[in-house]
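Next comes model.cif, a file with mmCIF, C-alpha atoms.
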```
data_data
loop_
_atom_site.label_atom_id
_atom_site.label_comp_id
_atom_site.auth_asym_id
_atom_site.auth_seq_id
_atom_site.Cartn_x
_atom_site.Cartn_y
_atom_site.Cartn_z
CA MET J 8 14.65 -16.35 72.83
CA HIS J 9 14.27 -18.54 75.92
CA ALA J 10 11.22 -16.53 77.02
CA THR J 11 9.62 -16.87 73.56
CA VAL J 12 10.11 -20.63 73.56
CA GLY J 13 8.65 -20.84 77.04
CA MET J 14 5.57 -18.84 76.04
CA THR J 15 5.10 -21.00 72.95
CA LEU J 16 5.27 -24.16 75.02
CA SER J 17 2.75 -22.62 77.42
CA LEU J 18 0.49 -21.54 74.57
CA LEU J 19 0.32 -25.03 73.09
CA LYS J 20 -0.13 -26.64 76.54
CA LEU J 21 2.49 -29.21 75.62
CA ARG J 22 2.52 -30.82 79.07
CA ILE J 23 -1.12 -31.73 78.58
CA GLY J 24 -0.39 -32.68 74.97
CA VAL J 25 2.33 -35.11 76.03
CA ALA J 26 -0.07 -36.77 78.49
CA ILE J 27 -2.72 -37.07 75.77
CA ALA J 28 -0.19 -38.47 73.28
CA ALA J 29 0.92 -41.00 75.91
CA SER J 30 -2.73 -41.99 76.35
CA ALA J 31 -2.95 -42.61 72.59
CA LEU J 32 0.13 -44.83 72.73
CA ALA J 33 -1.51 -46.71 75.61
CA GLY J 34 -4.48 -47.24 73.29
CA VAL J 35 -2.09 -48.67 70.70
CA ALA J 36 -0.52 -50.90 73.36
CA VAL J 37 -3.75 -52.50 74.57
CA ALA J 38 -5.38 -52.90 71.15
CA ARG J 39 -5.25 -56.30 69.48
CA GLY J 40 -4.00 -56.37 65.90
CA PRO J 41 -0.89 -55.99 63.77
CA ALA J 42 1.94 -53.92 65.20
CA LEU J 43 2.33 -50.41 63.87
CA ALA J 44 5.49 -49.31 62.11
CA TRP J 45 7.74 -46.85 63.94
CA TRP J 46 6.81 -44.03 61.57
CA GLN J 47 3.12 -44.61 62.26
CA LEU J 48 3.67 -44.32 66.00
CA ILE J 49 5.68 -41.12 65.59
CA GLY J 50 3.14 -39.71 63.14
CA LEU J 51 0.23 -40.46 65.46
CA ALA J 52 2.01 -38.96 68.47
CA LEU J 53 2.93 -35.79 66.55
CA ALA J 54 -0.60 -35.49 65.18
CA ILE J 55 -2.10 -35.67 68.65
CA LEU J 56 0.45 -33.19 70.00
CA GLY J 57 -0.46 -30.81 67.19
CA ALA J 58 -4.22 -31.19 67.56
CA SER J 59 -3.99 -30.89 71.33
CA GLY J 60 -1.76 -27.85 70.94
CA ALA J 61 -4.22 -26.19 68.57
CA ALA J 62 -7.10 -26.76 71.00
CA GLY J 63 -4.99 -25.61 73.96
CA ALA J 64 -3.88 -22.46 72.16
CA PHE J 65 -7.47 -21.63 71.25
CA ASN J 66 -8.36 -22.13 74.93
CA HIS J 67 -5.71 -19.54 75.88
CA TYR J 68 -7.00 -17.11 73.26
CA TYR J 69 -10.70 -17.50 74.05
CA GLU J 70 -10.28 -17.41 77.83
CA ARG J 71 -7.81 -14.56 78.07
CA ASP J 72 -10.38 -12.46 79.95
CA LEU J 73 -10.84 -15.15 82.61
CA ASP J 74 -7.15 -15.97 82.78
CA ARG J 75 -6.33 -12.37 83.77
CA LEU J 76 -8.46 -12.82 86.89
CA MET J 77 -6.76 -15.97 88.14
CA GLN J 78 -3.35 -16.07 89.80
CA ARG J 79 -2.73 -19.51 88.32
CA THR J 80 -3.24 -18.32 84.73
CA CYS J 81 -2.60 -14.56 84.67
CA LYS J 82 0.89 -15.01 83.17
CA ARG J 83 -0.32 -16.95 80.15
CA PRO J 84 0.72 -15.32 76.84
CA PHE J 85 -2.61 -13.72 75.90
CA ALA J 86 -3.69 -12.97 79.46
CA SER J 87 -0.41 -11.18 80.23
CA GLY J 88 -0.44 -9.20 76.99
CA ALA J 89 2.75 -10.81 75.67
CA PHE J 90 0.73 -11.99 72.64
CA LYS J 91 -1.75 -9.48 71.21
CA PRO J 92 -5.24 -10.63 70.09
CA SER J 93 -5.72 -10.82 66.33
CA PRO J 94 -8.12 -12.66 63.99
CA TRP J 95 -5.06 -14.38 62.53
CA TRP J 96 -4.49 -16.35 65.72
CA PRO J 97 -7.60 -18.57 65.31
CA VAL J 98 -6.68 -19.03 61.65
CA ALA J 99 -3.24 -20.26 62.70
CA PHE J 100 -4.79 -22.63 65.26
CA LEU J 101 -7.14 -24.04 62.62
CA ALA J 102 -4.22 -24.51 60.24
CA LEU J 103 -2.29 -26.43 62.90
CA LEU J 104 -5.34 -28.59 63.55
CA ALA J 105 -5.81 -29.30 59.82
CA ILE J 106 -2.14 -30.27 59.40
CA SER J 107 -2.38 -32.52 62.46
CA LEU J 108 -5.51 -34.24 61.18
CA GLY J 109 -3.85 -34.83 57.82
CA LEU J 110 -0.85 -36.38 59.54
CA ALA J 111 -3.14 -38.55 61.67
CA SER J 112 -4.98 -39.75 58.59
CA LEU J 113 -1.76 -40.62 56.76
CA SER J 114 -0.10 -42.38 59.67
CA ALA J 115 -3.03 -43.97 61.50
CA GLY J 116 -6.04 -43.97 59.17
CA HIS J 117 -9.25 -42.01 58.77
CA VAL J 118 -10.99 -43.45 61.84
CA ALA J 119 -8.08 -42.52 64.09
CA ALA J 120 -8.02 -39.03 62.55
CA ALA J 121 -11.73 -38.67 63.31
CA TYR J 122 -11.08 -39.48 66.98
CA VAL J 123 -8.23 -36.95 67.04
CA PHE J 124 -10.62 -34.33 65.67
CA LEU J 125 -13.29 -35.21 68.25
CA GLY J 126 -10.76 -34.80 71.04
CA ALA J 127 -9.72 -31.34 69.85
CA PHE J 128 -13.34 -30.31 69.20
CA THR J 129 -14.41 -31.45 72.67
CA TYR J 130 -11.69 -29.45 74.38
CA GLY J 131 -11.81 -26.40 72.13
CA ILE J 132 -15.56 -26.00 71.64
CA VAL J 133 -17.59 -28.19 74.03
CA TYR J 134 -15.40 -27.44 77.05
CA THR J 135 -13.91 -24.00 76.34
CA VAL J 136 -16.79 -22.26 74.57
CA TRP J 137 -19.90 -24.06 75.76
CA LEU J 138 -19.52 -25.54 79.26
CA LYS J 139 -16.66 -24.01 81.25
CA ARG J 140 -18.41 -20.76 82.13
CA ARG J 141 -21.90 -22.25 82.38
CA SER J 142 -21.95 -25.61 84.14
CA THR J 143 -20.32 -27.71 86.85
CA TRP J 144 -20.12 -30.38 84.13
CA ASN J 145 -17.34 -28.41 82.45
CA VAL J 146 -15.04 -31.30 83.40
CA VAL J 147 -16.13 -33.21 80.27
CA GLY J 148 -13.02 -31.76 78.67
CA GLY J 149 -11.48 -35.05 79.75
CA LEU J 150 -13.03 -36.64 76.68
CA ALA J 151 -10.00 -35.29 74.81
CA GLY J 152 -7.90 -37.95 76.53
CA SER J 153 -10.58 -40.59 75.97
CA PHE J 154 -10.67 -39.92 72.24
CA ALA J 155 -6.86 -40.13 72.16
CA VAL J 156 -7.01 -43.68 73.55
CA LEU J 157 -9.60 -44.60 70.92
CA ALA J 158 -7.45 -42.98 68.22
CA GLY J 159 -4.50 -45.13 69.22
CA ALA J 160 -6.60 -48.28 69.19
CA ALA J 161 -8.16 -47.36 65.82
CA ALA J 162 -4.67 -47.03 64.34
CA VAL J 163 -4.23 -50.74 65.07
CA ASP J 164 -7.77 -51.81 64.16
CA PRO J 165 -10.62 -49.40 63.33
CA ALA J 166 -13.19 -51.81 64.81
CA PRO J 167 -14.14 -51.09 68.46
CA GLN J 168 -12.41 -53.24 71.10
CA VAL J 169 -13.24 -53.83 74.75
CA VAL J 170 -9.99 -52.92 76.52
CA PRO J 171 -9.34 -49.62 74.70
CA THR J 172 -12.97 -48.65 75.29
CA VAL J 173 -12.59 -49.38 79.00
CA LEU J 174 -9.43 -47.25 79.12
CA ALA J 175 -11.29 -44.43 77.36
CA VAL J 176 -13.98 -44.62 80.05
CA VAL J 177 -11.26 -44.55 82.72
CA LEU J 178 -9.77 -41.36 81.20
CA PHE J 179 -13.21 -39.77 81.15
CA MET J 180 -13.92 -40.77 84.76
CA TRP J 181 -10.47 -39.60 85.86
CA THR J 182 -10.89 -35.98 84.77
CA PRO J 183 -13.65 -34.81 87.18
CA PRO J 184 -11.88 -35.74 90.46
CA HIS J 185 -8.58 -34.50 89.03
CA PHE J 186 -9.92 -31.02 88.25
CA TRP J 187 -12.24 -30.88 91.26
CA SER J 188 -9.19 -31.43 93.48
CA LEU J 189 -7.38 -28.59 91.70
CA ALA J 190 -10.45 -26.36 92.02
CA ALA J 191 -10.65 -27.12 95.74
CA ALA J 192 -7.03 -26.06 96.15
CA LYS J 193 -7.48 -22.93 93.97
CA GLY J 194 -11.07 -22.14 94.96
CA GLN J 195 -10.57 -18.38 95.31
CA ASP J 196 -9.21 -18.16 91.77
CA TYR J 197 -12.19 -19.98 90.25
CA ALA J 198 -14.69 -18.04 92.36
CA LYS J 199 -13.13 -14.72 91.33
CA ALA J 200 -13.35 -15.68 87.67
CA GLY J 201 -16.94 -16.91 88.07
CA ILE J 202 -16.17 -20.44 86.90
CA PRO J 203 -18.73 -22.84 88.45
CA MET J 204 -16.40 -25.66 89.48
CA LEU J 205 -18.11 -28.09 91.85
CA PRO J 206 -15.97 -27.26 94.94
CA VAL J 207 -16.79 -23.56 94.42
CA VAL J 208 -20.60 -23.96 94.26
CA ALA J 209 -21.24 -27.03 96.45
CA PRO J 210 -20.68 -27.72 100.18
CA ALA J 211 -17.57 -29.64 101.19
CA HIS J 212 -19.39 -32.88 102.04
CA ALA J 213 -20.88 -32.96 98.52
CA TRP J 214 -17.77 -32.34 96.43
CA THR J 215 -15.49 -34.50 98.59
CA MET J 216 -17.98 -37.37 98.31
CA ALA J 217 -18.14 -36.84 94.53
CA ILE J 218 -14.35 -37.08 94.33
CA LEU J 219 -14.24 -40.19 96.51
CA ALA J 220 -17.01 -41.90 94.53
CA HIS J 221 -15.18 -41.22 91.28
CA ALA J 222 -11.90 -42.48 92.73
CA ILE J 223 -13.49 -45.76 93.83
CA ALA J 224 -15.23 -46.22 90.48
CA LEU J 225 -11.97 -45.46 88.71
CA LEU J 226 -10.10 -48.14 90.62
CA ALA J 227 -12.78 -50.73 89.88
CA ILE J 228 -13.12 -49.89 86.17
CA SER J 229 -9.36 -49.68 85.60
CA LEU J 230 -9.02 -53.31 86.74
CA VAL J 231 -11.61 -54.61 84.25
CA PRO J 232 -8.98 -55.12 81.49
CA LEU J 233 -7.41 -57.85 83.66
CA TRP J 234 -10.42 -60.01 82.75
CA PHE J 235 -9.68 -59.44 79.05
CA GLY J 236 -6.05 -60.45 78.91
CA GLU J 237 -4.06 -57.58 80.39
CA GLY J 238 -1.29 -58.89 82.60
CA LEU J 239 0.62 -58.27 85.82
CA LEU J 240 2.41 -55.06 84.86
CA TYR J 241 -0.82 -53.38 83.86
CA GLY J 242 -2.53 -54.66 87.00
CA LEU J 243 0.25 -53.33 89.23
CA GLY J 244 0.11 -49.89 87.61
CA ALA J 245 -3.68 -49.63 87.71
CA GLY J 246 -4.04 -51.16 91.17
CA THR J 247 -1.25 -49.20 92.86
CA GLY J 248 -2.17 -45.84 91.37
CA GLY J 249 -5.88 -46.34 91.87
CA SER J 250 -5.53 -47.50 95.48
CA TYR J 251 -3.34 -44.54 96.36
CA PHE J 252 -5.84 -42.13 94.80
CA VAL J 253 -8.69 -43.70 96.77
CA TRP J 254 -6.67 -43.40 99.99
CA ARG J 255 -5.91 -39.73 99.34
CA SER J 256 -9.57 -39.12 98.46
CA ILE J 257 -10.66 -40.65 101.77
CA LYS J 258 -8.30 -38.28 103.59
CA LEU J 259 -9.73 -35.36 101.61
CA TYR J 260 -13.28 -36.44 102.46
CA ARG J 261 -12.42 -36.58 106.16
CA GLU J 262 -10.54 -33.27 106.08
CA PRO J 263 -11.35 -31.03 103.07
CA SER J 264 -8.31 -28.78 103.46
CA LYS J 265 -6.28 -27.03 100.78
CA SER J 266 -3.23 -29.19 101.52
CA ASN J 267 -5.24 -32.39 101.15
CA ALA J 268 -6.79 -31.09 97.92
CA ILE J 269 -3.33 -30.45 96.45
CA ALA J 270 -2.16 -33.89 97.58
CA ASN J 271 -5.22 -35.44 95.94
CA PHE J 272 -4.55 -33.55 92.71
CA LEU J 273 -1.00 -34.93 92.67
CA ALA J 274 -2.30 -38.42 93.50
CA SER J 275 -4.58 -38.26 90.46
CA LEU J 276 -1.58 -37.43 88.26
CA LEU J 277 0.32 -40.36 89.74
CA GLN J 278 -2.61 -42.68 89.09
CA LEU J 279 -2.75 -41.67 85.42
CA ALA J 280 1.03 -42.01 85.02
CA LEU J 281 1.09 -45.50 86.57
CA LEU J 282 -1.92 -46.63 84.53
CA VAL J 283 -0.41 -45.51 81.23
CA ALA J 284 3.04 -46.81 82.17
CA GLY J 285 1.55 -50.18 83.11
CA ALA J 286 -0.21 -50.48 79.74
CA LEU J 287 2.92 -49.50 77.81
CA LEU J 288 5.23 -51.79 79.81
CA GLU J 289 2.81 -54.68 79.39
CA SER J 290 2.96 -54.21 75.63
CA VAL J 291 6.78 -53.97 75.61
CA ALA J 292 7.08 -57.09 77.76
CA GLY J 293 4.76 -58.98 75.42
CA TRP J 294 6.81 -57.89 72.41
CA VAL J 295 10.10 -58.94 74.06
CA LEU J 296 8.75 -62.35 75.07
CA SER J 297 7.09 -63.09 71.74
#
```

Turn this file's structure into structure tokens for me.
Amino acid sequence: MHATVGMTLSLLKLRIGVAIAASALAGVAVARGPALAWWQLIGLALAILGASGAAGAFNHYYERDLDRLMQRTCKRPFASGAFKPSPWWPVAFLALLAISLGLASLSAGHVAAAYVFLGAFTYGIVYTVWLKRRSTWNVVGGLAGSFAVLAGAAAVDPAPQVVPTVLAVVLFMWTPPHFWSLAAAKGQDYAKAGIPMLPVVAPAHAWTMAILAHAIALLAISLVPLWFGEGLLYGLGAGTGGSYFVWRSIKLYREPSKSNAIANFLASLLQLALLVAGALLESVAGWVLS
């Protein structure tokens, strides 16, 4: 039973789903408009978890041949043979996506549901089917997180707003250095599977500079919301996380070792966590003081 639950959690990529759902709640937090009811927040979070899970499960199913070649992924349910391929699996994933989109529409509105769909489509089709095996630009899968931020903001007000849009750009910019750092640490895996990640196909000075440039741009862009009303808590989260990621990226540029690549990967996760936490805490503080 415990093993089955673990495989199901792995199949749905719930750790990624939780991060994406948190990004959507950050979008709610920074959007200007009437507060959402508790059931709307729960409905939106569950909808994004479901849509993300459907896209993640399809990724496992579609990439089972590649996953078998990589030490990092060879124990995934389809790659390991624990789950057998069947045409009914994609049907089940589509059903989960449809249910999730319906829940998003009911709890957050049609515009938010459209963003949820775009996030799942980007990860499931644009990233998994189209780009991952073909291009170093396969890192655009990060748009899934960007669309989640926009979905959260659209739940508050369907009209576009500056701060949520900036946060969506930050999520998109964050993904390349995050995954390039992982690819640098797991380069042999990606090379064996024939996945053209930038650190696999480019010289060290090129991919380390790309990571550093993205880290610097991320720090600068993440501070833009301070000019549009975001306060101290957000600024501390964005500034601290972004500065640490830049520092780690400088160390990686100077010494492109596996240990520095892993440290940079972890620094990118910390940056995202502090950024989202800062946005959420800023919203809670504003609610308490109002």

Find the residue from J:His67, J:Lys82, J:His221, J:Lys139 that sits nearest to J:Ser256; use only C-alpha atoms when measuring.
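Checking each of J:His67, J:Lys82, J:His221, J:Lys139 against J:Ser256, counting only C-alpha atoms, the winner is J:His221.
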
As a check of understanding, name the residues that the PyMOL selection byres ((chain J and resi 147-157) around 7) selects in the supplied structure, as a ChimeraX atom specification.
/J:27-28,30-31,33-34,122-123,125-127,129-130,134,144-146,158-161,171-172,175-176,178-179,182

Go ahead and write the residues just picked, C-alpha atoms, as a PDB file, in the frame of the given file.
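Result file follows (result-v1.pdb):
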```
ATOM      1  CA  ILE J  27      -2.720 -37.070  75.770  1.00  0.00           C
ATOM      2  CA  ALA J  28      -0.190 -38.470  73.280  1.00  0.00           C
ATOM      3  CA  SER J  30      -2.730 -41.990  76.350  1.00  0.00           C
ATOM      4  CA  ALA J  31      -2.950 -42.610  72.590  1.00  0.00           C
ATOM      5  CA  ALA J  33      -1.510 -46.710  75.610  1.00  0.00           C
ATOM      6  CA  GLY J  34      -4.480 -47.240  73.290  1.00  0.00           C
ATOM      7  CA  TYR J 122     -11.080 -39.480  66.980  1.00  0.00           C
ATOM      8  CA  VAL J 123      -8.230 -36.950  67.040  1.00  0.00           C
ATOM      9  CA  LEU J 125     -13.290 -35.210  68.250  1.00  0.00           C
ATOM     10  CA  GLY J 126     -10.760 -34.800  71.040  1.00  0.00           C
ATOM     11  CA  ALA J 127      -9.720 -31.340  69.850  1.00  0.00           C
ATOM     12  CA  THR J 129     -14.410 -31.450  72.670  1.00  0.00           C
ATOM     13  CA  TYR J 130     -11.690 -29.450  74.380  1.00  0.00           C
ATOM     14  CA  TYR J 134     -15.400 -27.440  77.050  1.00  0.00           C
ATOM     15  CA  TRP J 144     -20.120 -30.380  84.130  1.00  0.00           C
ATOM     16  CA  ASN J 145     -17.340 -28.410  82.450  1.00  0.00           C
ATOM     17  CA  VAL J 146     -15.040 -31.300  83.400  1.00  0.00           C
ATOM     18  CA  ALA J 158      -7.450 -42.980  68.220  1.00  0.00           C
ATOM     19  CA  GLY J 159      -4.500 -45.130  69.220  1.00  0.00           C
ATOM     20  CA  ALA J 160      -6.600 -48.280  69.190  1.00  0.00           C
ATOM     21  CA  ALA J 161      -8.160 -47.360  65.820  1.00  0.00           C
ATOM     22  CA  PRO J 171      -9.340 -49.620  74.700  1.00  0.00           C
ATOM     23  CA  THR J 172     -12.970 -48.650  75.290  1.00  0.00           C
ATOM     24  CA  ALA J 175     -11.290 -44.430  77.360  1.00  0.00           C
ATOM     25  CA  VAL J 176     -13.980 -44.620  80.050  1.00  0.00           C
ATOM     26  CA  LEU J 178      -9.770 -41.360  81.200  1.00  0.00           C
ATOM     27  CA  PHE J 179     -13.210 -39.770  81.150  1.00  0.00           C
ATOM     28  CA  THR J 182     -10.890 -35.980  84.770  1.00  0.00           C
TER      29      THR J 182
END
```

Where does the PyMOL selection byres ((chain J and resi 185) around 10) land in this file, that is, which residues does it pick, as a VMD selection string?
chain J and resid 146 149 180 to 184 186 to 190 218 221 to 222 252 268 to 269 271 to 276 279

Only C-alpha atoms, please: the residues just picked out, written as a compact mmCIF listing (two decimals), keeping the file's coordinate frame.
```
# COMPACT_ATOMS: atom_id res chain seq x y z
CA VAL J 146 -15.04 -31.30 83.40
CA GLY J 149 -11.48 -35.05 79.75
CA MET J 180 -13.92 -40.77 84.76
CA TRP J 181 -10.47 -39.60 85.86
CA THR J 182 -10.89 -35.98 84.77
CA PRO J 183 -13.65 -34.81 87.18
CA PRO J 184 -11.88 -35.74 90.46
CA PHE J 186 -9.92 -31.02 88.25
CA TRP J 187 -12.24 -30.88 91.26
CA SER J 188 -9.19 -31.43 93.48
CA LEU J 189 -7.38 -28.59 91.70
CA ALA J 190 -10.45 -26.36 92.02
CA ILE J 218 -14.35 -37.08 94.33
CA HIS J 221 -15.18 -41.22 91.28
CA ALA J 222 -11.90 -42.48 92.73
CA PHE J 252 -5.84 -42.13 94.80
CA ALA J 268 -6.79 -31.09 97.92
CA ILE J 269 -3.33 -30.45 96.45
CA ASN J 271 -5.22 -35.44 95.94
CA PHE J 272 -4.55 -33.55 92.71
CA LEU J 273 -1.00 -34.93 92.67
CA ALA J 274 -2.30 -38.42 93.50
CA SER J 275 -4.58 -38.26 90.46
CA LEU J 276 -1.58 -37.43 88.26
CA LEU J 279 -2.75 -41.67 85.42
```

Close residues, stretch 99-102 of chain J itself excluded, 7 Å, only C-alpha atoms, min 4 positions apart in chain, as a PyMOL selection string:
chain J and resi 61+64-65+95+106

At a cut-off of 12 Å, using all atoms listed in the file, what residues contact J:His117? Leave out same-chain residues fewer than 6 positions from it and give the result as number ranges by chain.
J: 51, 108-111, 123-124, 158-159, 161-165

Run the PyMOL selection byres ((chain J and resi 244) around 12) on the file and write out the hits as a count of residues only.
31

Among the residues J:Ala36, J:Val169, J:Leu18, J:Val253, the one that comes closest to J:Thr215 [using all atoms listed in the file]:
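Closest to J:Thr215 of all the choices is J:Val253.
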
So which one's closest to J:Lys193, J:Met77, J:Val37, J:Ala119, J:Leu21? Using only C-alpha atoms, please.
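Of the candidates, the smallest distance to J:Lys193 is held by J:Met77.
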
Interatomic distance (Å, one decimal) between atom CA of J:Ala209 and atom CA of J:Ala224:
21.0 Å

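For the pair atom CA of J:Arg255 and atom CA of J:Lys199, the separation is 27.2 Å.
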
I'd like the interatomic distance between atom CA of J:Gly194 and atom CA of J:Trp137, to a tenth of an Å.
21.2 Å

What's the 10 Å shell around J:Met216, counting only C-alpha atoms, without same-chain residues fewer than 2 positions away, as a count of residues only?
14

If I wrap all listed atoms of stretch 239-243 of chain J in a box with edges along x, y and z and add 4 Å on each side, what are its centre and edge lengths in Å to one decimal, as JSON?
```
{"center_x": -0.1, "center_y": -55.8, "center_z": 86.5, "size_x": 12.9, "size_y": 12.9, "size_z": 13.4}
```

Quick one: residues within 9 Å of J:Val136, only C-alpha atoms, excluding same-chain residues fewer than 4 positions away - as a count of residues only?
7

Taking only C-alpha atoms into account, name the residue in J:Ala54, J:Leu104, J:Ala120, J:Leu19 that is nearest to J:Pro84.
J:Leu19

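Restricting the calculation to all atoms listed in the file, the smallest distance between J:Thr143 and any of J:Ala52, J:Leu73, J:Val170, J:Leu205 is found for J:Leu205.
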